[in-house]
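Visitor: I'd like to ask you about the structure that follows.
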Amino acid sequence: MSQEEEQRLEDEGGESFGPLLVAKLQEVGITPQDVKKLQDAGLHTVEAVAYTPKKVLCAIKGISEAKADKIIAEAQKIVPLGFQSATEIHLRRSELVCITTGSKQLDTLLGGGIETGSITELFGEFRTGKSQICHTLAVTCQLPTSMGGGEGKCLYIDTEGTFRPVRLLAVAERYGLNGEEVLDN
């Protein structure tokens, strides 16, 4: 995403996802010249700067120890680092939603369904239902939480060419959803 697109998203009230360009440090008081020095040294994202040891920053020509401290401090304000307490993790995990697979028995085996906020890998022999579960989840993630859904959208990454929209329509019909809205979501 270009810097202009990122700025446009922020101006429109949208969120910016992914790594933040090091130029973002200019918004918090780091000079354009210092940002250029960071880029020339191979540090192109705020995350890279935040994780770089002070000693490495001080080795960049024109970056003093005091300047390195300021740059790291500002980068770490933008990209929070550090530890989390068990309470914080528990609170975050309590907000997770389980998406129904469409099978009560499988949902029970999985502890309520497919958990959001994580990656779930499906594997098995040919024709064992892996793609069918994915097609079903592409629809059930759009259901209200009261029906086992996540009230969200689906990003379906198909690496084997097995995605079939007609299968989504069948699942949508099973749950009483408008097929066209499901496909557009």
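Chains: A, B, ... in order of the structure tokens. Residues: from 1 per chain. Ligands: from 1, in order shown.
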Give me the stretch 66-96 of chain A side of the contact with stretch 22-45 of chain A, cut-off 7 Å, one line per residue showing its nearest atom pair and distance in Å at one decimal, counting only C-alpha atoms, sorted by chain and residue number, as a tab-separated table.

Guide:
```
residue	atom	partner	partner_atom	distance
A:Ile71	CA	A:Ile30	CA	6.8
A:Glu74	CA	A:Val28	CA	6.8
A:Ala75	CA	A:Leu25	CA	6.9
```

Visitor: So that I can check the secondary structure, give me every residue of chain A assigned strand (DSSP E or B) by backbone DSSP, as a VMD selection string.

Guide: chain A and resid 21 45 98 to 99 114 to 115

Visitor: Save out the residues we just selected, C-alpha atoms, as a compact mmCIF listing (two decimals), in the first residue's frame.

Guide:
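Result went into part.txt, see below:
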```
# COMPACT_ATOMS: atom_id res chain seq x y z
CA LEU A 21 6.15 2.96 6.78
CA THR A 45 9.03 0.26 8.72
CA CYS A 98 -16.47 -19.72 17.86
CA ILE A 99 -17.90 -20.14 14.37
CA ILE A 114 -13.71 -22.90 14.86
CA GLU A 115 -12.15 -20.25 17.07
```

Visitor: Between A:Thr145, A:Gly176, A:Cys154, A:Phe163, single out the one closest to A:Leu96, counting only C-alpha atoms.

Guide: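 Of all the options, A:Thr145 lies closest to A:Leu96.
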
Visitor: Please provide the set of residues having any atom within 12 Å of A:Leu122, restricted to only C-alpha atoms, with same-chain residues fewer than 3 positions apart removed, written as a list of chain:residue names.

Guide: A:Ile114, A:Ile119, A:Glu125, A:Phe126, A:Thr128, A:Gly129, A:Lys130, A:Ser131, A:Gln132, A:Ile133, A:Cys134

Visitor: Between atom CA of A:Asp158 and atom CA of A:Leu20, what is the distance in Å, rounded to a tenth?

Guide: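 Separation of atom CA of A:Asp158 and atom CA of A:Leu20: 27.5 Å.
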
Visitor: Pick the closest to A:Cys58 from A:Gln142, A:Ile72, A:Gly148, A:Val46: which is it, counting only C-alpha atoms?

Guide: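 Checking each candidate against A:Cys58, we get A:Ile72 as the closest.
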
Visitor: Atom CA of A:Arg93 and atom CA of A:Gly124 are how many Å apart?

Guide: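 Taking atom CA of A:Arg93 as the start and atom CA of A:Gly124 as the end point, the length is 28.3 Å.
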
Visitor: Would you list the contacts of A:Gly179 as number ranges by chain, taking every protein, DNA or RNA residue within 8 Å and counting only C-alpha atoms, but skipping same-chain residues closer than 3 positions in sequence?

Guide: A: 168-169, 172-173, 182-183

Visitor: Using the selection just defined, write its residues with N, CA and C atoms as a CSV table (one decimal), in the first residue's frame.

Guide:
```csv
chain,number,residue,atom,x,y,z
A,168,LEU,N,-21.7,-22.2,-1.7
A,168,LEU,CA,-22.0,-21.2,-0.7
A,168,LEU,C,-23.5,-20.9,-0.8
A,169,LEU,N,-24.1,-20.9,-2.0
A,169,LEU,CA,-25.5,-20.6,-2.1
A,169,LEU,C,-26.3,-21.7,-1.4
A,172,ALA,N,-26.1,-21.1,2.3
A,172,ALA,CA,-26.8,-19.9,2.6
A,172,ALA,C,-28.3,-20.2,2.7
A,173,GLU,N,-28.8,-21.0,1.8
A,173,GLU,CA,-30.2,-21.4,1.7
A,173,GLU,C,-30.6,-22.2,3.0
A,182,VAL,N,-24.7,-13.1,0.7
A,182,VAL,CA,-23.6,-14.0,1.1
A,182,VAL,C,-22.4,-13.9,0.2
A,183,LEU,N,-22.7,-14.0,-1.1
A,183,LEU,CA,-21.6,-14.0,-2.1
A,183,LEU,C,-20.9,-12.7,-2.1
```

Visitor: Name the residues of stretch 12-141 of chain A that fall into helix (DSSP H, G or I) according to DSSP on the backbone, using the chain letters and numbers of this document, as a ChimeraX atom specification.

Guide: /A:22-28,32-40,46-51,54-58,65-78,86-94,104-109,130-140

Visitor: Take the residues just selected and output them with C-alpha atoms as a compact mmCIF listing (two decimals), in the first residue's frame.

Guide:
```
# COMPACT_ATOMS: atom_id res chain seq x y z
CA VAL A 22 8.99 4.64 8.64
CA ALA A 23 7.77 8.01 7.31
CA LYS A 24 5.01 7.73 9.95
CA LEU A 25 7.66 8.79 12.48
CA GLN A 26 7.58 12.31 11.00
CA GLU A 27 4.09 12.70 12.48
CA VAL A 28 5.55 12.31 15.98
CA PRO A 32 12.55 14.00 7.52
CA GLN A 33 16.35 13.93 7.41
CA ASP A 34 16.48 11.36 10.23
CA VAL A 35 13.75 9.30 8.55
CA LYS A 36 15.84 9.32 5.36
CA LYS A 37 18.88 8.12 7.35
CA LEU A 38 16.81 5.26 8.76
CA GLN A 39 15.60 4.29 5.27
CA ASP A 40 19.14 4.45 3.88
CA VAL A 46 8.21 1.61 12.18
CA GLU A 47 8.22 -1.99 13.42
CA ALA A 48 11.81 -2.46 12.19
CA VAL A 49 12.87 0.69 14.02
CA ALA A 50 11.05 -0.32 17.22
CA TYR A 51 12.86 -3.68 17.32
CA LYS A 54 19.95 1.42 20.21
CA LYS A 55 23.53 0.42 19.46
CA VAL A 56 22.60 -0.27 15.82
CA LEU A 57 20.80 3.07 15.48
CA CYS A 58 23.79 4.89 16.96
CA GLU A 65 22.60 8.39 21.34
CA ALA A 66 19.99 10.94 22.45
CA LYS A 67 18.42 10.95 18.99
CA ALA A 68 18.38 7.14 18.95
CA ASP A 69 16.60 7.13 22.33
CA LYS A 70 13.96 9.53 20.99
CA ILE A 71 13.46 7.57 17.74
CA ILE A 72 13.08 4.26 19.60
CA ALA A 73 10.72 5.79 22.16
CA GLU A 74 8.47 7.26 19.46
CA ALA A 75 8.51 4.03 17.42
CA GLN A 76 7.56 1.99 20.48
CA LYS A 77 4.63 4.33 21.20
CA ILE A 78 3.30 3.56 17.72
CA ALA A 86 -2.30 -13.55 32.09
CA THR A 87 -5.27 -11.32 32.95
CA GLU A 88 -4.86 -9.36 29.70
CA ILE A 89 -4.58 -12.54 27.66
CA HIS A 90 -7.59 -14.04 29.43
CA LEU A 91 -9.64 -10.91 28.73
CA ARG A 92 -8.68 -10.96 25.05
CA ARG A 93 -9.45 -14.69 24.77
CA SER A 94 -12.84 -14.20 26.44
CA LYS A 104 -23.19 -30.06 16.19
CA GLN A 105 -21.01 -33.12 16.75
CA LEU A 106 -17.93 -31.53 15.16
CA ASP A 107 -18.55 -28.26 17.02
CA THR A 108 -18.62 -30.26 20.26
CA LEU A 109 -15.33 -31.99 19.41
CA LYS A 130 -12.17 -30.28 3.98
CA SER A 131 -13.40 -27.96 1.23
CA GLN A 132 -17.02 -28.45 2.30
CA ILE A 133 -16.19 -27.31 5.84
CA CYS A 134 -14.43 -24.24 4.39
CA HIS A 135 -17.41 -23.43 2.17
CA THR A 136 -19.73 -23.80 5.17
CA LEU A 137 -17.52 -21.58 7.34
CA ALA A 138 -17.49 -18.94 4.59
CA VAL A 139 -21.25 -18.67 5.16
CA THR A 140 -21.57 -19.34 8.89
```
